[in-house]
file start-v4.cif (mmCIF, C-alpha atoms)
data_start
loop_
_atom_site.label_atom_id
_atom_site.label_comp_id
_atom_site.auth_asym_id
_atom_site.auth_seq_id
_atom_site.Cartn_x
_atom_site.Cartn_y
_atom_site.Cartn_z
CA MET E 16 -19.25 106.47 71.70
CA ALA E 17 -16.12 108.59 71.37
CA ALA E 18 -13.73 105.63 71.46
CA GLY E 19 -13.98 104.89 67.73
CA TYR E 20 -13.39 108.51 66.78
CA LEU E 21 -10.49 108.90 69.19
CA GLU E 22 -8.87 105.75 67.84
CA ILE E 23 -9.03 107.19 64.33
CA LEU E 24 -7.70 110.59 65.39
CA ARG E 25 -4.81 108.92 67.21
CA THR E 26 -3.84 107.13 64.00
CA LYS E 27 -0.75 108.68 62.50
CA HIS E 28 -1.53 111.54 60.11
CA ALA E 29 -5.35 111.23 60.53
CA ALA E 30 -5.88 114.37 62.65
CA ARG E 31 -3.56 116.37 60.42
CA LEU E 32 -5.37 115.33 57.25
CA LEU E 33 -8.81 116.06 58.71
CA ALA E 34 -7.83 119.45 60.14
CA GLY E 35 -5.94 120.45 56.99
CA THR E 36 -8.82 119.47 54.74
CA LEU E 37 -11.37 121.40 56.80
CA THR E 38 -9.13 124.47 56.86
CA GLY E 39 -8.41 124.19 53.16
CA ARG E 40 -12.12 123.97 52.37
CA LEU E 41 -13.07 127.11 54.32
CA PRO E 42 -12.92 129.44 51.26
CA ASN E 43 -15.24 127.13 49.32
CA ALA E 44 -17.61 126.40 52.20
CA THR E 45 -18.05 130.08 53.05
CA ALA E 46 -17.85 131.51 49.52
CA ALA E 47 -21.54 132.39 49.23
CA ILE E 48 -21.81 134.37 52.46
CA ALA E 49 -18.35 135.93 52.02
CA LEU E 50 -19.19 137.14 48.51
CA VAL E 51 -22.58 138.51 49.54
CA LEU E 52 -21.07 140.48 52.44
CA PHE E 53 -18.18 141.66 50.27
CA VAL E 54 -20.42 142.90 47.45
CA ARG E 55 -22.79 144.60 49.90
CA GLY E 56 -19.80 146.27 51.56
CA GLN E 57 -18.80 147.60 48.14
CA GLY E 58 -22.24 149.16 47.75
CA GLY E 59 -23.58 146.51 45.37
CA SER E 60 -27.15 145.29 45.36
CA TYR E 61 -28.41 142.00 46.73
CA GLY E 62 -29.10 140.97 43.14
CA LEU E 63 -25.47 141.53 42.17
CA ALA E 64 -24.27 139.74 45.29
CA GLY E 65 -26.49 136.73 44.58
CA ALA E 66 -25.43 136.60 40.93
CA MET E 67 -21.74 136.63 41.87
CA ALA E 68 -22.24 133.91 44.47
CA ALA E 69 -24.17 131.85 41.90
CA VAL E 70 -21.39 132.20 39.32
CA ASN E 71 -18.85 131.07 41.91
CA GLY E 72 -21.03 128.08 42.86
CA ILE E 73 -21.63 126.98 39.27
CA ALA E 74 -17.93 127.22 38.47
CA ASN E 75 -17.15 125.19 41.57
CA ALA E 76 -19.62 122.49 40.49
CA VAL E 77 -17.82 122.26 37.14
CA GLY E 78 -14.33 122.34 38.61
CA GLN E 79 -14.61 119.74 41.38
CA PRO E 80 -14.99 116.58 39.25
CA SER E 81 -12.58 117.90 36.63
CA LEU E 82 -9.87 118.56 39.20
CA GLY E 83 -10.74 115.28 40.91
CA ARG E 84 -9.97 113.44 37.68
CA LEU E 85 -6.61 115.24 37.46
CA VAL E 86 -5.84 114.19 41.06
CA ASP E 87 -6.52 110.56 40.11
CA LEU E 88 -4.21 110.90 37.12
CA TYR E 89 -1.32 112.92 38.55
CA GLY E 90 -1.52 112.63 42.35
CA GLN E 91 -2.63 115.04 45.05
CA PRO E 92 0.29 117.49 45.50
CA ARG E 93 0.63 118.24 41.78
CA VAL E 94 -3.04 119.26 41.52
CA GLN E 95 -4.35 120.30 44.95
CA LEU E 96 -1.75 122.95 45.83
CA PRO E 97 -1.61 124.67 42.40
CA ALA E 98 -5.42 124.71 42.36
CA ALA E 99 -5.56 126.24 45.85
CA LEU E 100 -3.05 128.93 44.82
CA ALA E 101 -4.96 129.72 41.62
CA SER E 102 -8.27 129.97 43.50
CA ALA E 103 -6.75 132.18 46.20
CA LEU E 104 -5.13 134.41 43.57
CA ALA E 105 -8.45 134.87 41.78
CA MET E 106 -10.26 135.80 45.00
CA THR E 107 -7.42 138.17 45.92
CA VAL E 108 -7.88 139.93 42.58
CA LEU E 109 -11.58 140.28 43.39
CA ALA E 110 -10.86 141.57 46.89
CA VAL E 111 -8.35 144.15 45.65
CA SER E 112 -10.21 145.33 42.52
CA GLY E 113 -13.71 145.28 44.00
CA THR E 114 -16.82 145.07 41.84
CA ASP E 115 -15.66 147.62 39.27
CA PRO E 116 -15.18 146.64 36.51
CA LEU E 117 -17.91 144.03 36.71
CA PRO E 118 -16.51 141.67 34.01
CA LEU E 119 -13.27 141.33 35.98
CA ALA E 120 -15.18 140.76 39.23
CA PHE E 121 -17.33 138.02 37.73
CA ALA E 122 -14.30 136.40 36.04
CA ALA E 123 -12.42 136.38 39.35
CA ALA E 124 -15.40 134.92 41.23
CA ALA E 125 -15.76 132.22 38.58
CA ALA E 126 -12.04 131.36 38.64
CA GLY E 127 -12.12 131.21 42.44
CA GLY E 128 -14.84 128.57 42.27
CA LEU E 129 -13.44 126.70 39.28
CA PHE E 130 -10.03 126.14 40.86
CA SER E 131 -11.20 125.27 44.38
CA PRO E 132 -9.15 122.14 45.13
CA PRO E 133 -11.10 118.87 45.59
CA LEU E 134 -9.78 118.37 49.12
CA GLU E 135 -13.02 116.75 50.25
CA GLY E 136 -12.78 113.93 47.70
CA GLY E 137 -9.05 113.70 48.27
CA LEU E 138 -9.45 113.06 51.99
CA ARG E 139 -11.95 110.26 51.40
CA ALA E 140 -9.58 108.67 48.93
CA LEU E 141 -6.85 108.74 51.60
CA TRP E 142 -8.77 107.15 54.47
CA PRO E 143 -8.34 103.50 53.35
CA SER E 144 -4.56 104.00 53.13
CA VAL E 145 -4.22 105.84 56.45
CA LEU E 146 -6.35 103.73 58.78
CA ARG E 147 -5.16 100.47 60.27
CA ARG E 148 -8.31 98.42 59.77
CA GLU E 149 -10.91 98.30 57.02
CA GLU E 150 -13.83 98.52 59.47
CA GLN E 151 -12.56 101.94 60.60
CA VAL E 152 -13.21 103.50 57.18
CA PRO E 153 -17.03 103.87 57.55
CA THR E 154 -16.44 105.44 60.98
CA ALA E 155 -13.98 107.87 59.38
CA TYR E 156 -16.58 108.75 56.75
CA ALA E 157 -19.10 109.47 59.52
CA MET E 158 -16.55 111.59 61.38
CA ASP E 159 -15.89 113.42 58.13
CA ALA E 160 -19.60 114.16 57.73
CA VAL E 161 -19.81 115.40 61.34
CA ALA E 162 -16.76 117.62 60.84
CA GLN E 163 -18.46 119.17 57.83
CA GLU E 164 -21.38 120.23 60.01
CA VAL E 165 -18.96 121.87 62.42
CA MET E 166 -17.24 123.67 59.54
CA PHE E 167 -20.49 124.89 58.01
CA THR E 168 -21.44 126.26 61.43
CA ALA E 169 -18.09 127.80 62.39
CA GLY E 170 -17.23 129.05 58.88
CA PRO E 171 -19.99 131.68 58.60
CA LEU E 172 -19.19 132.82 62.16
CA LEU E 173 -15.59 133.35 61.12
CA VAL E 174 -16.69 135.35 58.06
CA THR E 175 -18.99 137.62 60.04
CA LEU E 176 -16.28 138.11 62.70
CA CYS E 177 -13.76 139.21 60.05
CA VAL E 178 -16.31 141.54 58.49
CA SER E 179 -17.25 143.09 61.85
CA LEU E 180 -13.60 143.54 62.89
CA TRP E 181 -12.25 144.64 59.51
CA SER E 182 -14.20 144.42 56.23
CA GLY E 183 -15.59 142.11 53.58
CA ARG E 184 -12.32 142.51 51.65
CA ALA E 185 -10.34 141.36 54.67
CA ALA E 186 -12.65 138.38 55.13
CA LEU E 187 -11.99 137.20 51.56
CA LEU E 188 -8.23 137.57 52.02
CA VAL E 189 -8.11 135.82 55.41
CA LEU E 190 -10.24 132.90 54.23
CA ASN E 191 -8.12 132.29 51.15
CA VAL E 192 -4.85 132.50 53.05
CA LEU E 193 -6.25 129.86 55.42
CA GLY E 194 -7.34 127.81 52.42
CA VAL E 195 -3.85 127.73 50.92
CA LEU E 196 -2.28 126.89 54.28
CA GLY E 197 -4.77 124.04 54.79
CA ALA E 198 -4.12 122.61 51.33
CA LEU E 199 -0.36 122.88 51.87
CA TRP E 200 -0.63 121.07 55.19
CA VAL E 201 -2.49 118.21 53.50
CA VAL E 202 -0.34 117.77 50.40
CA ALA E 203 2.91 117.99 52.38
CA SER E 204 1.87 114.99 54.48
CA PRO E 205 3.43 111.58 53.70
CA PRO E 206 0.08 109.87 52.92
CA SER E 207 -0.86 112.55 50.39
CA ARG E 208 2.57 112.50 48.74
CA ALA E 209 2.64 108.70 48.61
CA TRP E 210 -0.94 108.20 47.42
CA ARG E 211 -1.45 106.91 43.90
CA SER E 212 -4.71 106.04 42.26
CA ALA E 213 -5.25 102.51 41.03
CA PRO E 214 -4.59 101.90 37.32
CA ARG E 215 -7.55 103.16 35.35
CA GLU E 216 -9.17 102.32 32.06
CA ALA E 217 -9.09 105.30 29.73
CA HIS E 218 -12.66 106.48 29.23
CA TRP E 219 -14.03 109.95 28.55
CA LEU E 220 -16.85 109.43 31.09
CA GLY E 221 -14.40 108.63 33.85
CA ALA E 222 -16.23 107.79 37.08
CA LEU E 223 -19.61 108.40 35.43
CA ARG E 224 -19.40 105.15 33.47
CA SER E 225 -20.43 103.34 36.67
CA PRO E 226 -24.22 102.68 36.69
CA GLY E 227 -24.18 102.33 40.47
CA LEU E 228 -22.55 105.72 40.91
CA LEU E 229 -25.05 107.32 38.52
CA ALA E 230 -27.92 105.84 40.55
CA LEU E 231 -26.45 107.21 43.76
CA LEU E 232 -25.91 110.65 42.26
CA GLY E 233 -29.50 110.69 41.04
CA ALA E 234 -30.75 109.99 44.56
CA PHE E 235 -28.49 112.56 46.18
CA LEU E 236 -29.52 115.27 43.77
CA PHE E 237 -32.87 115.21 45.60
CA VAL E 238 -31.26 115.04 49.04
CA GLY E 239 -29.40 118.22 48.14
CA LEU E 240 -32.64 119.71 46.81
CA ALA E 241 -34.30 119.00 50.15
CA LEU E 242 -31.56 120.75 52.09
CA GLY E 243 -31.57 123.78 49.79
CA SER E 244 -35.34 124.11 50.02
CA ILE E 245 -35.27 124.18 53.84
CA THR E 246 -33.11 127.30 53.86
CA VAL E 247 -35.69 129.24 51.84
CA ALA E 248 -38.71 127.90 53.73
CA ALA E 249 -36.99 128.77 57.01
CA VAL E 250 -36.57 132.38 55.88
CA SER E 251 -40.29 132.58 55.15
CA TYR E 252 -41.14 131.11 58.57
CA ALA E 253 -38.72 133.45 60.35
CA ASP E 254 -40.18 136.51 58.65
CA GLY E 255 -43.46 135.85 60.45
CA HIS E 256 -42.00 134.74 63.78
CA GLY E 257 -39.23 137.11 64.79
CA GLY E 258 -36.91 137.69 61.84
CA ASP E 259 -33.24 136.88 61.38
CA ALA E 260 -32.62 135.63 64.92
CA VAL E 261 -35.23 132.91 64.48
CA TYR E 262 -33.73 131.94 61.13
CA GLY E 263 -30.35 131.59 62.80
CA TRP E 264 -31.83 129.34 65.50
CA LEU E 265 -33.49 127.12 62.90
CA MET E 266 -30.30 126.68 60.89
CA ALA E 267 -28.27 126.05 64.04
CA ALA E 268 -30.79 123.42 65.15
CA LEU E 269 -30.62 121.73 61.76
CA GLY E 270 -26.83 121.57 62.02
CA LEU E 271 -27.00 120.34 65.61
CA GLY E 272 -29.34 117.52 64.60
CA ALA E 273 -26.98 116.46 61.82
CA LEU E 274 -24.05 116.65 64.21
CA ILE E 275 -25.77 114.40 66.75
CA GLY E 276 -27.00 111.95 64.11
CA GLY E 277 -23.62 111.63 62.45
CA THR E 278 -21.83 111.20 65.77
CA VAL E 279 -24.16 108.41 66.90
CA TYR E 280 -24.15 106.72 63.50
CA GLY E 281 -20.38 106.54 63.27
CA ALA E 282 -19.94 105.29 66.82
CA ARG E 283 -20.88 101.71 66.00
CA GLN E 284 -20.55 99.11 63.29
CA TRP E 285 -23.79 98.39 61.43
CA SER E 286 -24.90 95.03 60.13
CA GLY E 287 -26.44 94.51 56.71
CA THR E 288 -25.52 95.98 53.36
CA PRO E 289 -24.93 99.73 52.97
CA GLU E 290 -27.39 99.80 50.05
CA ARG E 291 -30.27 98.67 52.25
CA ARG E 292 -29.13 100.89 55.10
CA LEU E 293 -29.06 103.94 52.82
CA ARG E 294 -32.65 103.31 51.71
CA LEU E 295 -33.74 103.17 55.35
CA LEU E 296 -31.82 106.33 56.26
CA VAL E 297 -33.25 108.29 53.31
CA ALA E 298 -36.78 107.11 54.22
CA LEU E 299 -36.26 108.30 57.80
CA LEU E 300 -34.87 111.59 56.51
CA ALA E 301 -37.99 112.17 54.40
CA VAL E 302 -40.30 111.24 57.29
CA CYS E 303 -38.52 113.65 59.64
CA TYR E 304 -38.99 116.50 57.18
CA LEU E 305 -42.78 116.06 57.23
CA PRO E 306 -43.45 117.54 60.73
CA LEU E 307 -41.90 120.82 59.60
CA THR E 308 -45.13 121.51 57.69
CA LEU E 309 -46.90 121.88 61.07
CA THR E 310 -45.03 125.18 61.58
CA PRO E 311 -45.66 125.46 65.35
CA GLY E 312 -44.31 128.27 67.53
CA VAL E 313 -40.61 129.05 67.60
CA PRO E 314 -39.53 126.59 70.37
CA GLY E 315 -41.42 123.74 68.73
CA MET E 316 -40.11 124.66 65.29
CA VAL E 317 -36.52 124.73 66.54
CA ALA E 318 -37.02 121.25 68.01
CA LEU E 319 -38.50 119.97 64.74
CA ALA E 320 -35.59 121.47 62.80
CA ALA E 321 -33.15 119.58 65.02
CA VAL E 322 -35.04 116.31 64.47
CA SER E 323 -35.15 116.90 60.71
CA GLY E 324 -31.37 117.07 60.57
CA VAL E 325 -30.65 113.88 62.52
CA PHE E 326 -30.45 111.53 59.52
CA LEU E 327 -28.66 113.88 57.12
CA ALA E 328 -25.07 113.14 58.17
CA PRO E 329 -25.70 109.37 58.39
CA CYS E 330 -27.10 109.45 54.83
CA VAL E 331 -24.00 111.25 53.61
CA ALA E 332 -21.63 108.92 55.49
CA CYS E 333 -23.38 105.84 54.09
CA ALA E 334 -23.23 107.33 50.59
CA PHE E 335 -19.46 107.69 50.93
CA VAL E 336 -19.16 103.92 51.37
CA LEU E 337 -21.23 103.30 48.24
CA VAL E 338 -19.24 105.82 46.20
CA ASP E 339 -16.06 104.00 47.13
CA ARG E 340 -17.61 100.66 46.16
CA HIS E 341 -18.94 101.79 42.79
CA ALA E 342 -16.17 104.11 41.61
CA PRO E 343 -14.37 102.48 38.67
CA ALA E 344 -10.74 101.68 39.43
CA GLY E 345 -8.55 104.78 39.36
CA THR E 346 -11.43 107.29 39.64
CA VAL E 347 -12.09 107.46 43.38
CA THR E 348 -11.29 111.17 43.86
CA GLU E 349 -13.34 112.10 40.81
CA ALA E 350 -16.25 109.95 42.04
CA PHE E 351 -16.30 111.63 45.45
CA SER E 352 -16.07 115.02 43.75
CA TRP E 353 -19.10 114.16 41.62
CA LEU E 354 -21.07 113.50 44.81
CA VAL E 355 -20.07 116.94 46.13
CA THR E 356 -21.07 118.55 42.84
CA THR E 357 -24.40 116.75 42.66
CA PHE E 358 -25.27 117.71 46.22
CA THR E 359 -24.36 121.34 45.49
CA VAL E 360 -26.40 121.47 42.30
CA GLY E 361 -29.37 119.87 44.07
CA SER E 362 -29.15 122.42 46.87
CA SER E 363 -29.12 125.26 44.35
CA LEU E 364 -32.13 123.79 42.54
CA GLY E 365 -33.96 123.49 45.85
CA THR E 366 -33.29 127.12 46.66
CA GLY E 367 -34.56 128.25 43.26
CA LEU E 368 -37.61 125.97 43.27
CA THR E 369 -38.79 126.78 46.77
CA GLY E 370 -38.81 130.55 46.25
CA PRO E 371 -41.90 130.51 43.99
CA VAL E 372 -43.50 127.79 46.15
CA VAL E 373 -43.18 129.95 49.26
CA GLN E 374 -44.42 132.94 47.33
CA ALA E 375 -47.56 131.03 46.38
CA GLY E 376 -48.25 128.98 49.51
CA GLY E 377 -46.18 130.37 52.35
CA ALA E 378 -43.86 128.55 54.74
CA VAL E 379 -46.10 125.47 55.01
CA ALA E 380 -45.85 124.84 51.26
CA GLY E 381 -42.13 125.57 51.39
CA PHE E 382 -41.52 122.94 54.07
CA ALA E 383 -43.46 120.39 52.02
CA VAL E 384 -40.73 120.55 49.36
CA PRO E 385 -37.96 118.83 51.40
CA ALA E 386 -40.33 116.04 52.42
CA ALA E 387 -41.32 115.50 48.79
CA ALA E 388 -37.68 115.64 47.65
CA GLY E 389 -36.72 113.07 50.27
CA GLY E 390 -39.52 110.82 49.01
CA VAL E 391 -38.29 111.13 45.41
CA SER E 392 -34.75 110.28 46.54
CA LEU E 393 -36.08 107.13 48.17
CA LEU E 394 -37.96 106.21 44.98
CA VAL E 395 -34.75 106.58 42.97
CA LEU E 396 -32.93 104.26 45.38
CA LEU E 397 -35.73 101.70 45.23
CA ALA E 398 -35.89 101.84 41.43
CA THR E 399 -32.13 101.35 41.12
CA ALA E 400 -31.74 98.78 43.91
CA ARG E 401 -30.40 96.10 41.56
CA VAL E 402 -27.89 98.47 40.02
CA LEU E 403 -26.63 99.60 43.41
CA ALA E 404 -26.39 96.03 44.68
CA ALA E 405 -24.45 94.82 41.64
CA PRO E 406 -20.66 94.81 41.93
CA ALA E 407 -19.17 97.73 40.05
CA ARG E 408 -17.23 96.79 36.94
CA GLY E 409 -13.56 97.55 37.10
CA THR E 410 -13.53 98.12 40.84
CA ALA E 411 -12.57 94.71 42.12
CA VAL E 412 -9.74 95.01 44.59
CA GLY E 413 -6.87 92.71 43.98
CA ALA E 414 -3.41 92.58 45.41
CA SER E 415 -1.72 95.83 44.47
CA PRO E 416 1.84 97.03 45.01
CA GLU E 417 0.66 100.60 45.54
CA ASN E 418 1.74 101.95 48.93
CA ASP E 419 1.58 98.44 50.35
CA PRO E 420 4.81 96.81 51.44
CA ASN E 421 2.90 93.64 52.29
CA ARG E 422 1.08 93.53 48.92
CA ALA E 423 -2.10 92.87 50.88
CA ALA E 424 -5.51 93.54 49.38
CA GLN E 425 -8.28 95.05 51.42
CA PRO E 426 -11.67 93.75 50.26
CA ARG E 427 -14.78 95.88 49.89
CA PHE E 428 -13.02 99.21 49.41
CA SER E 429 -12.23 100.04 45.82
CA SER E 430 -9.93 103.01 45.98
CA GLY E 431 -6.90 100.86 45.32
CA ASP E 432 -4.88 102.78 47.88
CA ARG E 433 -3.20 100.58 50.44
CA ALA E 434 -1.66 101.40 53.76
#
call {"tool": "encode", "arguments": {"input": "start-v4.cif", "output": "structure tokens"}}
result
Amino acid sequence: MAAGYLEILRTKHAARLLAGTLTGRLPNATAAIALVLFVRGQGGSYGLAGAMAAVNGIANAVGQPSLGRLVDLYGQPRVQLPAALASALAMTVLAVSGTDPLPLAFAAAAAGGLFSPPLEGGLRALWPSVLRREEQVPTAYAMDAVAQEVMFTAGPLLVTLCVSLWSGRAALLVLNVLGVLGALWVVASPPSRAWRSAPREAHWLGALRSPGLLALLGAFLFVGLALGSITVAAVSYADGHGGDAVYGWLMAALGLGALIGGTVYGARQWSGTPERRLRLLVALLAVCYLPLTLTPGVPGMVALAAVSGVFLAPCVACAFVLVDRHAPAGTVTEAFSWLVTTFTVGSSLGTGLTGPVVQAGGAVAGFAVPAAAGGVSLLVLLATARVLAAPARGTAVGASPENDPNRAAQPRFSSGDRA
């Protein structure tokens, strides 16, 4: 199983790009918990902490596709590193000034999110140019999805360690220093410096003019909603079964399930079209959310949480392939950034929606939300099957001189970036 992953990591520059991207994304991935702990350490209320984290998240959702478009236009180093420096500077201002005055604190939190570099989309744009064979790219996407689960598990642990050893202010500073170093490590690499987007047609919609991409984003809005709703329902369950420790076990089990599912999924080549495979994976994801409504005792619930996460990373990895296929030429980084934004917005909507549901019907009603959201995502995919199956306009891959001394085209992948 590990052979495919090891082959990718042994490819020149691959391990560096993956490690640098994960490190560079730490400030963004841990922003919510870091801001909450920072504000609470300053004596602020939970309401203030939540509002500041929300402002940061909304700004990040706006900034990712916008910066992704700039990366497609001007290259990675000229956008990623300045963005990382601007984001780190904003969060440093927040760490130094604290929450007083509030307007400055909120402006700094917003700027920190707005200028978070689109390293995630940038890495996925680089994979086709870094790997030796086309069939390795889906495996790299799966490895990427698995690595995210590791980061989202290790990141909060790093934040809490910094807070316990020093303070919330120190945690913000450490995370953003790491973020800049990670971004620098990526953009200084030869693949990042050499990468150029394919020629693009000028259009104000950018990547969003692709009907296939819009269909995929519509489906993944509800996948994100499902994931966001689980976090709230799990809090409600934990309150009646042992408190914070149980909540931690549930979230860890969810991440473990995704880690296992993504690892197994990426270890082999799958037959059939990715469109059909994605519909199957989303259906299985929705079905695996259903048993959570049984709310058994803690050991059983932890096991169900692990099962519910198994198909999440495979869904995300399969979606990466479809994004690459349907992104109009010259918009691949922006297209991947839109997927990140849509998933984030969906997760936020799920968190907000499930609060009142739990208040009215308890944990059982709360756990019904992710199952329903998964079902809606499947319906969107079924309703847009023809659109997703149709070849994206403007994404046909022809022989391109970009980064390709052999002038050889690689079919199926539309990023236009050649090794």
call {"tool": "residues_around", "arguments": {"input": "start-v4.cif", "residues": "Gly65 of chain E", "least_positions_apart": "5", "cutoff": "10 Å", "atoms": "only C-alpha atoms", "output": "JSON, numbers by chain"}}
result
{"E": [47, 48, 50, 51, 54, 60, 70, 71]}
call {"tool": "resolve_selection", "arguments": {"input": "start-v4.cif", "expression": "the PyMOL selection byres ((chain E and resi 364-371) around 7)", "output": "list in words"}}
result
Leu240, Ala241, Gly243, Ser244, Val247, Val360, Gly361, Ser362, Ser363, Val372, Val373, Gln374, Ala375 and Gly381 of chain E
call {"tool": "write_last_selection", "arguments": {"input": "start-v4.cif", "atoms": "C-alpha atoms", "output": "mmCIF file, keeping the file's coordinate frame"}}
result
data_model
loop_
_atom_site.group_PDB
_atom_site.id
_atom_site.type_symbol
_atom_site.label_atom_id
_atom_site.label_comp_id
_atom_site.auth_asym_id
_atom_site.auth_seq_id
_atom_site.Cartn_x
_atom_site.Cartn_y
_atom_site.Cartn_z
ATOM 1 C CA LEU E 240 -32.640 119.710 46.810
ATOM 2 C CA ALA E 241 -34.300 119.000 50.150
ATOM 3 C CA GLY E 243 -31.570 123.780 49.790
ATOM 4 C CA SER E 244 -35.340 124.110 50.020
ATOM 5 C CA VAL E 247 -35.690 129.240 51.840
ATOM 6 C CA VAL E 360 -26.400 121.470 42.300
ATOM 7 C CA GLY E 361 -29.370 119.870 44.070
ATOM 8 C CA SER E 362 -29.150 122.420 46.870
ATOM 9 C CA SER E 363 -29.120 125.260 44.350
ATOM 10 C CA VAL E 372 -43.500 127.790 46.150
ATOM 11 C CA VAL E 373 -43.180 129.950 49.260
ATOM 12 C CA GLN E 374 -44.420 132.940 47.330
ATOM 13 C CA ALA E 375 -47.560 131.030 46.380
ATOM 14 C CA GLY E 381 -42.130 125.570 51.390
#
call {"tool": "closest_residue", "arguments": {"input": "start-v4.cif", "among": "E:Ser144, E:Ser392, E:Thr246, E:Ser81", "to": "Leu223 of chain E", "atoms": "all atoms listed in the file"}}
result
E:Ser81
call {"tool": "atom_distance", "arguments": {"input": "start-v4.cif", "atom1": "atom CA of Asp87 of chain E", "atom2": "atom CA of Ser212 of chain E"}}
result
5.3 Å
call {"tool": "atom_distance", "arguments": {"input": "start-v4.cif", "atom1": "atom CA of Val178 of chain E", "atom2": "atom CA of Pro42 of chain E"}}
result
14.5 Å
call {"tool": "atom_distance", "arguments": {"input": "start-v4.cif", "atom1": "atom CA of Gly277 of chain E", "atom2": "atom CA of Leu354 of chain E"}}
result
17.9 Å
call {"tool": "resolve_selection", "arguments": {"input": "start-v4.cif", "expression": "the PyMOL selection byres ((chain E and resi 185) around 12)", "output": "PyMOL selection string"}}
result
chain E and resi 49-50+52-53+56+106-107+109-111+113+173-184+186-192
call {"tool": "closest_residue", "arguments": {"input": "start-v4.cif", "among": "E:Val395, E:Cys333, E:Leu117, E:Ala124", "to": "Gln284 of chain E", "atoms": "only C-alpha atoms"}}
result
E:Cys333
call {"tool": "resolve_selection", "arguments": {"input": "start-v4.cif", "expression": "the PyMOL selection byres ((chain E and resi 20) around 10)", "output": "PyMOL selection string"}}
result
chain E and resi 16-19+21-25+151+154-155+157-158+278+281-282
call {"tool": "closest_residue", "arguments": {"input": "start-v4.cif", "among": "E:Trp353, E:Tyr280, E:Tyr262, E:Phe358", "to": "Val313 of chain E", "atoms": "all atoms listed in the file"}}
result
E:Tyr262
call {"tool": "closest_residue", "arguments": {"input": "start-v4.cif", "among": "E:Arg294, E:His256, E:Arg40, E:Arg224", "to": "Gly389 of chain E", "atoms": "all atoms listed in the file"}}
result
E:Arg294
call {"tool": "residues_around", "arguments": {"input": "start-v4.cif", "residues": "segment 226-230 of chain E", "least_positions_apart": "6", "cutoff": "7 Å", "atoms": "all atoms listed in the file", "output": "ChimeraX atom specification"}}
result
/E:338,341-342,399,402-403,407
call {"tool": "write_last_selection", "arguments": {"input": "start-v4.cif", "atoms": "C-alpha atoms", "output": "PDB file, in the frame of the given file"}}
result
ATOM      1  CA  VAL E 338     -19.240 105.820  46.200  1.00  0.00           C
ATOM      2  CA  HIS E 341     -18.940 101.790  42.790  1.00  0.00           C
ATOM      3  CA  ALA E 342     -16.170 104.110  41.610  1.00  0.00           C
ATOM      4  CA  THR E 399     -32.130 101.350  41.120  1.00  0.00           C
ATOM      5  CA  VAL E 402     -27.890  98.470  40.020  1.00  0.00           C
ATOM      6  CA  LEU E 403     -26.630  99.600  43.410  1.00  0.00           C
ATOM      7  CA  ALA E 407     -19.170  97.730  40.050  1.00  0.00           C
TER       8      ALA E 407
END
call {"tool": "residues_around", "arguments": {"input": "start-v4.cif", "residues": "Gly194 of chain E", "least_positions_apart": "4", "cutoff": "9 Å", "atoms": "all atoms listed in the file", "output": "VMD selection string"}}
result
chain E and resid 35 to 43 99 to 100 103 189 to 190 198 to 199
call {"tool": "write_last_selection", "arguments": {"input": "start-v4.cif", "atoms": "C-alpha atoms", "output": "PDB file, in the frame of the given file"}}
result
ATOM      1  CA  GLY E  35      -5.940 120.450  56.990  1.00  0.00           C
ATOM      2  CA  THR E  36      -8.820 119.470  54.740  1.00  0.00           C
ATOM      3  CA  LEU E  37     -11.370 121.400  56.800  1.00  0.00           C
ATOM      4  CA  THR E  38      -9.130 124.470  56.860  1.00  0.00           C
ATOM      5  CA  GLY E  39      -8.410 124.190  53.160  1.00  0.00           C
ATOM      6  CA  ARG E  40     -12.120 123.970  52.370  1.00  0.00           C
ATOM      7  CA  LEU E  41     -13.070 127.110  54.320  1.00  0.00           C
ATOM      8  CA  PRO E  42     -12.920 129.440  51.260  1.00  0.00           C
ATOM      9  CA  ASN E  43     -15.240 127.130  49.320  1.00  0.00           C
ATOM     10  CA  ALA E  99      -5.560 126.240  45.850  1.00  0.00           C
ATOM     11  CA  LEU E 100      -3.050 128.930  44.820  1.00  0.00           C
ATOM     12  CA  ALA E 103      -6.750 132.180  46.200  1.00  0.00           C
ATOM     13  CA  VAL E 189      -8.110 135.820  55.410  1.00  0.00           C
ATOM     14  CA  LEU E 190     -10.240 132.900  54.230  1.00  0.00           C
ATOM     15  CA  ALA E 198      -4.120 122.610  51.330  1.00  0.00           C
ATOM     16  CA  LEU E 199      -0.360 122.880  51.870  1.00  0.00           C
TER      17      LEU E 199
END
call {"tool": "build_atoms", "arguments": {"input": "start-v4.cif", "residues": "segment 365-369 of chain E", "atoms": "N, CA and C atoms", "output": "tab-separated table (two decimals), in the coordinates of the input"}}
result
chain	number	residue	atom	x	y	z
E	365	GLY	N	-32.97	123.38	44.78
E	365	GLY	CA	-33.96	123.49	45.85
E	365	GLY	C	-34.21	124.92	46.26
E	366	THR	N	-33.14	125.70	46.33
E	366	THR	CA	-33.29	127.12	46.66
E	366	THR	C	-34.13	127.84	45.61
E	367	GLY	N	-33.82	127.58	44.34
E	367	GLY	CA	-34.56	128.25	43.26
E	367	GLY	C	-36.00	127.79	43.16
E	368	LEU	N	-36.25	126.51	43.39
E	368	LEU	CA	-37.61	125.97	43.27
E	368	LEU	C	-38.50	126.43	44.41
E	369	THR	N	-37.96	126.51	45.60
E	369	THR	CA	-38.79	126.78	46.77
E	369	THR	C	-39.20	128.24	46.86
